[in-house]
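Engineer: To be precise about what I am sending: the file is called query-v4.cif and holds mmCIF, C-alpha atoms.
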data_input
loop_
_atom_site.label_atom_id
_atom_site.label_comp_id
_atom_site.auth_asym_id
_atom_site.auth_seq_id
_atom_site.Cartn_x
_atom_site.Cartn_y
_atom_site.Cartn_z
CA MET A 1 -68.07 41.81 12.35
CA ARG A 2 -71.87 42.02 12.33
CA THR A 3 -74.17 39.47 13.93
CA SER A 4 -77.77 38.74 12.91
CA VAL A 5 -80.27 36.86 15.08
CA LEU A 6 -83.10 35.11 13.23
CA ILE A 7 -86.28 33.89 14.94
CA PRO A 8 -89.11 32.05 13.13
CA ALA A 9 -92.28 32.37 15.17
CA TYR A 10 -95.66 30.64 15.04
CA ASN A 11 -98.28 30.76 17.81
CA CYS A 12 -95.66 31.26 20.50
CA SER A 13 -97.08 34.20 22.47
CA ARG A 14 -96.51 32.37 25.77
CA THR A 15 -92.77 31.90 25.25
CA ILE A 16 -91.36 34.40 22.77
CA GLN A 17 -91.03 37.20 25.32
CA ALA A 18 -88.53 35.16 27.33
CA THR A 19 -86.70 34.31 24.12
CA LEU A 20 -86.45 37.93 23.03
CA ASP A 21 -85.37 39.05 26.50
CA SER A 22 -82.52 36.52 26.42
CA VAL A 23 -81.47 37.72 22.94
CA LEU A 24 -81.62 41.42 23.77
CA GLY A 25 -79.87 40.90 27.11
CA GLN A 26 -76.71 39.45 25.58
CA SER A 27 -73.29 40.62 26.81
CA VAL A 28 -72.52 41.36 23.16
CA THR A 29 -75.49 43.11 21.57
CA PRO A 30 -76.55 41.66 18.19
CA ASP A 31 -76.47 44.06 15.27
CA GLU A 32 -79.95 43.02 14.18
CA VAL A 33 -82.76 40.81 15.45
CA ILE A 34 -85.36 39.72 12.90
CA VAL A 35 -88.54 37.83 13.79
CA LEU A 36 -90.71 36.27 11.10
CA ASP A 37 -94.29 35.69 12.20
CA ASP A 38 -95.37 32.68 10.15
CA GLY A 39 -99.10 33.41 10.11
CA SER A 40 -99.73 33.14 13.85
CA THR A 41 -103.34 33.14 15.04
CA ASP A 42 -102.60 34.01 18.67
CA GLU A 43 -101.00 37.15 20.18
CA THR A 44 -97.50 36.43 18.87
CA LEU A 45 -97.41 39.40 16.51
CA SER A 46 -98.46 41.94 19.12
CA VAL A 47 -95.89 40.63 21.60
CA VAL A 48 -93.10 40.86 19.03
CA GLU A 49 -94.14 44.31 17.81
CA SER A 50 -93.89 45.62 21.36
CA TYR A 51 -90.12 45.14 21.02
CA LYS A 52 -89.78 47.53 18.08
CA PRO A 53 -87.44 49.17 17.09
CA ARG A 54 -84.94 46.82 18.76
CA VAL A 55 -86.52 43.98 16.77
CA SER A 56 -87.50 43.95 13.09
CA VAL A 57 -90.71 42.10 12.26
CA VAL A 58 -91.61 40.29 9.04
CA ARG A 59 -94.91 38.53 8.44
CA GLN A 60 -96.11 35.88 5.99
CA SER A 61 -98.97 33.42 5.73
CA ASN A 62 -98.23 30.09 7.37
CA MET A 63 -95.70 28.27 5.18
CA GLY A 64 -93.68 26.36 7.74
CA VAL A 65 -90.36 26.80 9.48
CA ALA A 66 -88.16 26.02 6.45
CA SER A 67 -89.79 28.78 4.41
CA ALA A 68 -89.51 31.13 7.39
CA ARG A 69 -85.82 30.42 7.83
CA ASN A 70 -85.15 30.97 4.12
CA VAL A 71 -86.84 34.38 4.17
CA LEU A 72 -84.95 35.34 7.31
CA CYS A 73 -81.61 34.21 5.84
CA GLU A 74 -82.21 36.33 2.76
CA ARG A 75 -82.85 39.41 4.92
CA ALA A 76 -79.94 38.91 7.30
CA SER A 77 -77.06 41.33 6.82
CA GLY A 78 -74.68 39.99 9.46
CA ASP A 79 -71.44 38.13 8.84
CA LEU A 80 -72.50 35.57 11.45
CA VAL A 81 -76.11 34.38 11.59
CA ALA A 82 -77.45 33.07 14.89
CA PHE A 83 -80.64 30.99 14.90
CA ILE A 84 -82.98 30.62 17.85
CA ASP A 85 -86.48 29.17 18.03
CA ALA A 86 -89.23 31.24 19.62
CA ASP A 87 -89.42 29.12 22.77
CA ASP A 88 -85.73 28.69 23.58
CA ILE A 89 -83.35 30.70 25.77
CA TRP A 90 -79.71 31.79 25.52
CA HIS A 91 -77.17 32.27 28.28
CA VAL A 92 -76.17 35.93 28.55
CA ASN A 93 -72.73 35.10 27.10
CA TYR A 94 -73.95 32.99 24.18
CA LEU A 95 -73.35 35.48 21.34
CA GLU A 96 -70.07 36.65 22.85
CA VAL A 97 -68.72 33.11 22.84
CA GLN A 98 -70.02 32.35 19.35
CA SER A 99 -68.54 35.58 17.96
CA ARG A 100 -65.16 34.74 19.42
CA LEU A 101 -65.30 31.23 17.97
CA PHE A 102 -66.12 32.69 14.55
CA GLU A 103 -63.16 35.09 14.76
CA LYS A 104 -60.88 32.25 15.80
CA HIS A 105 -62.11 29.77 13.17
CA PRO A 106 -63.22 31.83 10.14
CA ASN A 107 -63.22 28.84 7.78
CA ALA A 108 -65.73 26.79 9.79
CA ILE A 109 -69.22 26.30 8.34
CA ALA A 110 -71.09 26.01 11.65
CA PHE A 111 -70.59 26.74 15.35
CA PHE A 112 -72.36 24.77 18.07
CA THR A 113 -72.40 25.13 21.83
CA GLY A 114 -73.80 22.66 24.32
CA ARG A 115 -77.40 22.93 25.48
CA VAL A 116 -79.69 21.98 28.34
CA ASN A 117 -83.31 20.82 28.10
CA PHE A 118 -86.15 22.20 30.21
CA GLU A 119 -89.93 22.10 30.38
CA GLY A 120 -92.72 24.58 31.02
CA ASP A 121 -93.59 28.05 29.73
CA ASP A 122 -91.42 30.06 32.11
CA ALA A 123 -87.98 31.49 31.36
CA TYR A 124 -84.94 29.33 32.08
CA HIS A 125 -82.74 30.56 34.94
CA TRP A 126 -79.07 29.80 34.53
CA GLU A 127 -77.37 28.50 37.66
CA HIS A 128 -73.81 28.90 36.46
CA ASN A 129 -71.47 31.26 34.70
CA PRO A 130 -69.42 29.56 31.99
CA VAL A 131 -65.67 29.73 32.36
CA ASP A 132 -63.55 30.77 29.41
CA THR A 133 -63.42 27.41 27.65
CA LEU A 134 -62.87 28.46 24.04
CA ALA A 135 -59.59 26.55 24.00
CA ASN A 136 -61.63 23.36 24.52
CA ALA A 137 -63.61 23.83 21.31
CA GLU A 138 -63.52 20.77 19.06
CA ILE A 139 -62.84 21.18 15.34
CA ILE A 140 -64.74 18.44 13.50
CA PRO A 141 -63.79 17.69 9.85
CA PRO A 142 -66.65 17.23 7.35
CA LEU A 143 -66.42 13.43 7.19
CA SER A 144 -66.42 13.03 10.97
CA PHE A 145 -69.23 15.53 11.42
CA LEU A 146 -71.53 13.81 8.92
CA LYS A 147 -70.86 10.44 10.55
CA ARG A 148 -71.56 11.76 14.03
CA TYR A 149 -74.53 13.89 13.05
CA ASN A 150 -76.38 11.07 11.31
CA ALA A 151 -75.49 8.41 13.89
CA ALA A 152 -76.32 10.45 17.03
CA PRO A 153 -77.44 14.00 16.25
CA GLY A 154 -78.12 14.92 19.89
CA PRO A 155 -75.30 17.49 20.33
CA PHE A 156 -76.23 19.09 16.98
CA SER A 157 -79.99 18.55 16.84
CA CYS A 158 -81.26 22.05 17.58
CA MET A 159 -80.81 25.25 15.57
CA SER A 160 -81.04 27.33 18.76
CA HIS A 161 -77.43 26.61 19.74
CA CYS A 162 -75.98 27.00 16.26
CA CYS A 163 -74.50 29.92 14.31
CA ILE A 164 -73.75 29.86 10.56
CA PRO A 165 -71.55 32.26 8.56
CA LYS A 166 -73.64 34.26 6.08
CA MET A 167 -71.28 33.22 3.27
CA VAL A 168 -72.27 29.58 3.86
CA LEU A 169 -75.97 30.43 3.69
CA LYS A 170 -75.46 32.41 0.48
CA THR A 171 -74.10 29.27 -1.22
CA PHE A 172 -77.69 28.01 -1.66
CA ASP A 173 -80.85 29.71 -2.89
CA GLU A 174 -82.97 27.87 -0.33
CA PRO A 175 -80.79 26.27 2.35
CA PHE A 176 -83.82 24.92 4.24
CA GLN A 177 -86.42 22.51 2.88
CA LEU A 178 -89.40 20.49 4.21
CA ARG A 179 -91.94 21.33 6.90
CA MET A 180 -90.19 19.01 9.37
CA ALA A 181 -86.58 17.81 9.70
CA GLU A 182 -85.41 20.98 7.91
CA ASP A 183 -82.35 21.01 10.17
CA SER A 184 -81.40 17.46 9.11
CA TYR A 185 -81.64 18.50 5.47
CA PHE A 186 -79.62 21.65 6.13
CA PHE A 187 -76.70 20.06 7.96
CA ASN A 188 -76.38 17.25 5.43
CA LEU A 189 -76.48 19.93 2.72
CA VAL A 190 -73.68 22.09 4.15
CA GLY A 191 -71.75 19.29 5.87
CA PRO A 192 -69.32 18.65 2.99
CA LEU A 193 -68.31 22.33 2.77
CA GLY A 194 -65.95 22.55 5.74
CA PRO A 195 -65.26 21.86 9.42
CA VAL A 196 -67.71 22.36 12.28
CA VAL A 197 -66.74 23.89 15.62
CA PHE A 198 -68.30 22.39 18.76
CA LEU A 199 -67.96 23.81 22.27
CA SER A 200 -69.69 21.51 24.75
CA THR A 201 -70.30 24.25 27.34
CA PRO A 202 -74.13 24.55 27.65
CA LEU A 203 -75.07 28.08 26.56
CA ALA A 204 -78.57 27.45 25.18
CA ALA A 205 -81.71 26.08 26.82
CA TYR A 206 -84.07 24.00 24.66
CA ARG A 207 -87.71 24.01 25.73
CA ILE A 208 -89.42 20.60 25.49
CA ARG A 209 -93.11 20.99 24.71
CA LYS A 210 -95.76 18.30 24.39
CA GLY A 211 -97.50 18.26 21.03
CA SER A 212 -94.61 19.90 19.17
CA LEU A 213 -93.92 18.92 15.57
CA SER A 214 -90.87 16.92 16.59
CA SER A 215 -93.01 14.73 18.87
CA ASP A 216 -94.61 13.08 15.81
CA ARG A 217 -91.99 10.41 15.15
CA LEU A 218 -93.75 9.03 12.07
CA LYS A 219 -93.85 12.36 10.24
CA LEU A 220 -90.39 13.35 11.44
CA THR A 221 -88.64 10.18 10.25
CA GLY A 222 -90.55 10.32 6.98
CA CYS A 223 -89.36 13.88 6.39
CA GLU A 224 -85.79 12.87 7.21
CA VAL A 225 -85.98 10.28 4.45
CA SER A 226 -87.46 12.89 2.08
CA GLY A 227 -84.52 15.17 2.87
CA PHE A 228 -82.05 12.46 1.92
CA GLU A 229 -83.96 11.87 -1.30
CA LEU A 230 -83.59 15.56 -2.16
CA LEU A 231 -79.83 15.44 -1.45
CA GLU A 232 -79.03 12.16 -3.20
CA ASP A 233 -78.12 13.59 -6.63
CA ARG A 234 -76.01 16.33 -5.04
CA TYR A 235 -73.94 13.80 -3.13
CA LYS A 236 -73.49 11.57 -6.16
CA LYS A 237 -71.69 14.47 -7.88
CA LEU A 238 -69.10 14.86 -5.11
CA SER A 239 -65.52 13.92 -5.92
CA ASP A 240 -64.81 12.64 -2.41
CA ARG A 241 -65.91 9.00 -2.37
CA SER A 242 -65.65 8.81 1.42
CA LEU A 243 -68.32 11.50 1.79
CA ILE A 244 -70.54 9.66 -0.69
CA ARG A 245 -70.22 6.43 1.29
CA VAL A 246 -71.09 8.16 4.55
CA PHE A 247 -74.18 9.65 2.93
CA GLU A 248 -75.23 6.31 1.43
CA ASN A 249 -74.90 4.47 4.75
CA ALA A 250 -76.79 7.23 6.57
CA PHE A 251 -79.54 7.16 3.94
CA ALA A 252 -79.99 3.41 4.34
CA SER A 253 -80.05 3.81 8.12
CA LYS A 254 -82.72 6.54 7.91
CA ARG A 255 -84.90 4.27 5.80
CA ARG A 256 -84.52 1.48 8.36
CA SER A 257 -85.51 3.84 11.17
CA TYR A 258 -88.52 5.01 9.20
CA ALA A 259 -89.49 1.41 8.45
CA LYS A 260 -89.49 0.54 12.16
CA VAL A 261 -91.82 3.43 12.97
CA LEU A 262 -94.05 2.48 10.04
CA LEU A 263 -94.25 -1.06 11.43
CA GLY A 264 -95.22 0.37 14.80
CA ALA A 265 -98.01 2.26 13.04
CA GLY A 266 -99.20 -0.90 11.30
CA GLN A 267 -98.05 0.22 7.84
CA LYS A 268 -96.29 -3.00 6.94
CA LEU A 269 -96.27 -2.66 3.13
CA GLU A 270 -94.76 0.83 3.19
CA ALA A 271 -92.19 -0.35 5.73
CA ARG A 272 -91.12 -3.15 3.40
CA LYS A 273 -90.78 -0.68 0.53
CA GLN A 274 -88.46 1.44 2.64
CA LEU A 275 -86.36 -1.58 3.57
CA ILE A 276 -86.07 -2.74 -0.03
CA SER A 277 -85.01 0.78 -1.03
CA SER A 278 -82.46 0.88 1.79
CA VAL A 279 -80.70 -2.15 0.29
CA SER A 280 -80.05 -0.19 -2.90
CA ASN A 281 -79.00 2.97 -1.03
CA SER A 282 -75.77 1.49 0.28
CA ALA A 283 -73.28 -1.04 -1.04
CA ASN A 284 -71.90 -1.59 2.46
CA SER A 285 -72.33 -5.28 3.31
CA ILE A 286 -73.16 -4.61 6.97
CA SER A 287 -75.81 -2.06 6.01
CA VAL A 288 -77.30 -4.40 3.43
CA GLY A 289 -77.35 -7.22 5.99
CA LYS A 290 -79.20 -5.06 8.52
CA SER A 291 -81.81 -4.08 5.95
CA LEU A 292 -82.38 -7.63 4.72
CA GLY A 293 -82.54 -9.00 8.24
CA LEU A 294 -85.13 -6.41 9.21
CA LEU A 295 -87.09 -7.11 6.04
CA LEU A 296 -87.23 -10.84 6.83
CA THR A 297 -88.38 -10.05 10.36
CA THR A 298 -91.52 -8.39 8.97
CA TYR A 299 -92.65 -11.76 7.62
CA LEU A 300 -92.49 -13.49 11.00
CA PRO A 301 -95.70 -14.09 12.97
CA SER A 302 -96.65 -11.01 14.99
CA ARG A 303 -95.88 -12.72 18.30
CA LEU A 304 -92.27 -13.27 17.18
CA GLN A 305 -91.66 -9.74 16.00
CA PRO A 306 -90.02 -7.17 18.27
CA LYS A 307 -91.96 -4.28 19.75
CA TRP A 308 -91.71 -1.57 17.10
CA PRO A 309 -91.36 2.13 18.02
CA SER A 310 -94.57 4.10 18.49
CA SER A 311 -95.49 7.01 16.22
CA ASP A 312 -95.19 9.50 19.07
CA ARG A 313 -92.18 10.36 21.17
#
Could you quickly redo this structure as structure tokens?
Structural biologist:
Amino acid sequence: MRTSVLIPAYNCSRTIQATLDSVLGQSVTPDEVIVLDDGSTDETLSVVESYKPRVSVVRQSNMGVASARNVLCERASGDLVAFIDADDIWHVNYLEVQSRLFEKHPNAIAFFTGRVNFEGDDAYHWEHNPVDTLANAEIIPPLSFLKRYNAAPGPFSCMSHCCIPKMVLKTFDEPFQLRMAEDSYFFNLVGPLGPVVFLSTPLAAYRIRKGSLSSDRLKLTGCEVSGFELLEDRYKKLSDRSLIRVFENAFASKRRSYAKVLLGAGQKLEARKQLISSVSNSANSISVGKSLGLLLTTYLPSRLQPKWPSSDR
């Protein structure tokens, strides 16, 4: 079995060295490591090129992380594709564990481990050695995964602790879309294809950085809605009505979330449009009731309205 590691990189010269060191220091050496420099204007390219020939480098003008991931996926030759962002860190046993999970569950469409969050530009120093907990891995059927992912994506919200079989990626010409929320689009795209394996042991460290794309809640929630719009026709063609209903309810919920952030940004008319659309997205009476109730709230005097979420996280 071959393993590919894919790293999209943009203006990350301060952090990518620690990322590459964690990838190249794995207990099971990856068969290939490919970095795509997405038009960086800092020293990212020179830092990455210093790792040649252990690392292959691709460059393109700045087109965003979804485009970068698509190019990387096309170039990957491994049976198992491991994603990591250019500011995150893996435990030394990360790829070993993921490879063993893939061998044990060859029909799964995605493999997640747990993760920890940290701040700053320095490398993350692990304070523990994971015990052999593969037997504790959870096998999540498609319906359950889509429900959990869209209700509380926390355990699955970062590509840096996720591996995907190459055969799953080859199912789609462009598995990633949008400049933000490309992971939300991707997991709702592949979710119906098979089970997901989740091992809660934290084997990846996610770097929290101020000013990152994900900190703009208004753009992020808007892109999540756009992703659902792109997927709507695909889901309507599914034969499994339960999967369709989960998608419809999640779509309506995403519109409601977006509407709340729009209201916090003072964009009342656009928020109402989202809420009206959310009513038609789902036939579920509870979902419809939530959307209508929220819509009516927007017509109350400002002093009687709740405090809406801010645009920034």
Engineer: Report the residues retrieved by the PyMOL selection byres ((chain A and resi 10) around 8) from the displayed file, expressed as a list of chain:residue names.
Structural biologist: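 On the file shown, the PyMOL selection byres ((chain A and resi 10) around 8) covers A:Pro8, A:Ala9, A:Asn11, A:Cys12, A:Asp37, A:Asp38, A:Gly39, A:Ser40, A:Thr44, A:Ala86.
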Engineer: I want to know what sits within 9 Å of Val47 in chain A, based on all atoms listed in the file, with residues of the same chain fewer than 4 positions away left out; could you give that as an mmCIF file with C-alpha atoms, keeping the file's coordinate frame?
Structural biologist:
data_model
loop_
_atom_site.group_PDB
_atom_site.id
_atom_site.type_symbol
_atom_site.label_atom_id
_atom_site.label_comp_id
_atom_site.auth_asym_id
_atom_site.auth_seq_id
_atom_site.Cartn_x
_atom_site.Cartn_y
_atom_site.Cartn_z
ATOM 1 C CA SER A 13 -97.080 34.200 22.470
ATOM 2 C CA ILE A 16 -91.360 34.400 22.770
ATOM 3 C CA GLN A 17 -91.030 37.200 25.320
ATOM 4 C CA GLU A 43 -101.000 37.150 20.180
ATOM 5 C CA TYR A 51 -90.120 45.140 21.020
#
Engineer: Name the residues that the PyMOL selection byres ((chain A and resi 197) around 7) picks from the file above, as a list of chain:residue names, using the file's chain letters and numbers.
Structural biologist: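 For this structure, the PyMOL selection byres ((chain A and resi 197) around 7) captures A:Ala108, A:Ala110, A:Phe111, A:Phe112, A:Ala137, A:Glu138, A:Ile139, A:Ile140, A:Pro195, A:Val196, A:Phe198, A:Leu199.
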Engineer: Which one is closest to Val65 in chain A: A:Leu269, A:Ala181, A:Val92, A:Leu263? Count only C-alpha atoms.
Structural biologist: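 Closest candidate: A:Ala181.
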Engineer: When you count only C-alpha atoms, which of these residues is closest to Val288 in chain A: A:Ser253, A:Gln60, A:Ser310, A:Thr3?
Structural biologist: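 Ranking A:Ser253, A:Gln60, A:Ser310, A:Thr3 by distance to Val288 in chain A, first place goes to A:Ser253.
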Engineer: Which is closest to Glu96 in chain A among A:Ser27, A:Leu231, A:Val55, A:Tyr299, if we use only C-alpha atoms?
Structural biologist: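 Nearest to Glu96 in chain A: A:Ser27.
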Engineer: Applying 8 Å and all atoms listed in the file, which residues near range 30-34 of chain A remain after dropping the ones on its own chain fewer than 4 positions away? List them as a VMD selection string.
Structural biologist: chain A and resid 2 to 7 23 to 24 26 54 to 58 72 76 78 95
Engineer: To verify the selection step, state as a count of residues only which residues the PyMOL selection byres ((chain A and resi 100) around 12) yields on this input.
Structural biologist: 26
Engineer: Between A:Tyr149, A:Tyr235, A:Tyr206, A:Phe83, single out the one closest to Cys162 in chain A, counting only C-alpha atoms.
Structural biologist: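 Residue with the minimum atom-to-atom distance to Cys162 in chain A: A:Phe83.
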Engineer: Give me, please, the distance in Å between CA of Asn117 in chain A and CA of Phe251 in chain A, quoted to one decimal.
Structural biologist: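 We find that CA of Asn117 in chain A and CA of Phe251 in chain A lie 28.0 Å from each other.
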Engineer: Identify which of the residues A:Arg75, A:Lys260, A:Arg179, A:Arg272 lies closest to Ser226 in chain A, counting only C-alpha atoms when measuring atom-to-atom distances.
Structural biologist: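 Closest candidate: A:Arg179.
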Engineer: Specify the axis-aligned box that encloses all atoms of range 31-41 of chain A listed in the file after padding of 8 Å on each side, stating its centre and edge lengths in Å to one decimal as lines of an AutoDock Vina configuration file.
Structural biologist:
center_x = -89.9
center_y = 38.4
center_z = 12.8
size_x = 42.9
size_y = 27.4
size_z = 21.3
Engineer: Kindly indicate which residue among A:Leu238, A:Leu294, A:Leu203, A:Ile84 lies nearest to His125 in chain A, using only C-alpha atoms for the distances.
Structural biologist: A:Leu203
Engineer: Report, in Å with one decimal, the straight-line distance from CA of Ser311 in chain A to CA of Ser257 in chain A.
Structural biologist: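 A separation of 11.6 Å between them.
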Engineer: Please report the interatomic distance between CA of Arg245 in chain A and CA of Gln274 in chain A in Å with one decimal.
Structural biologist: 19.0 Å
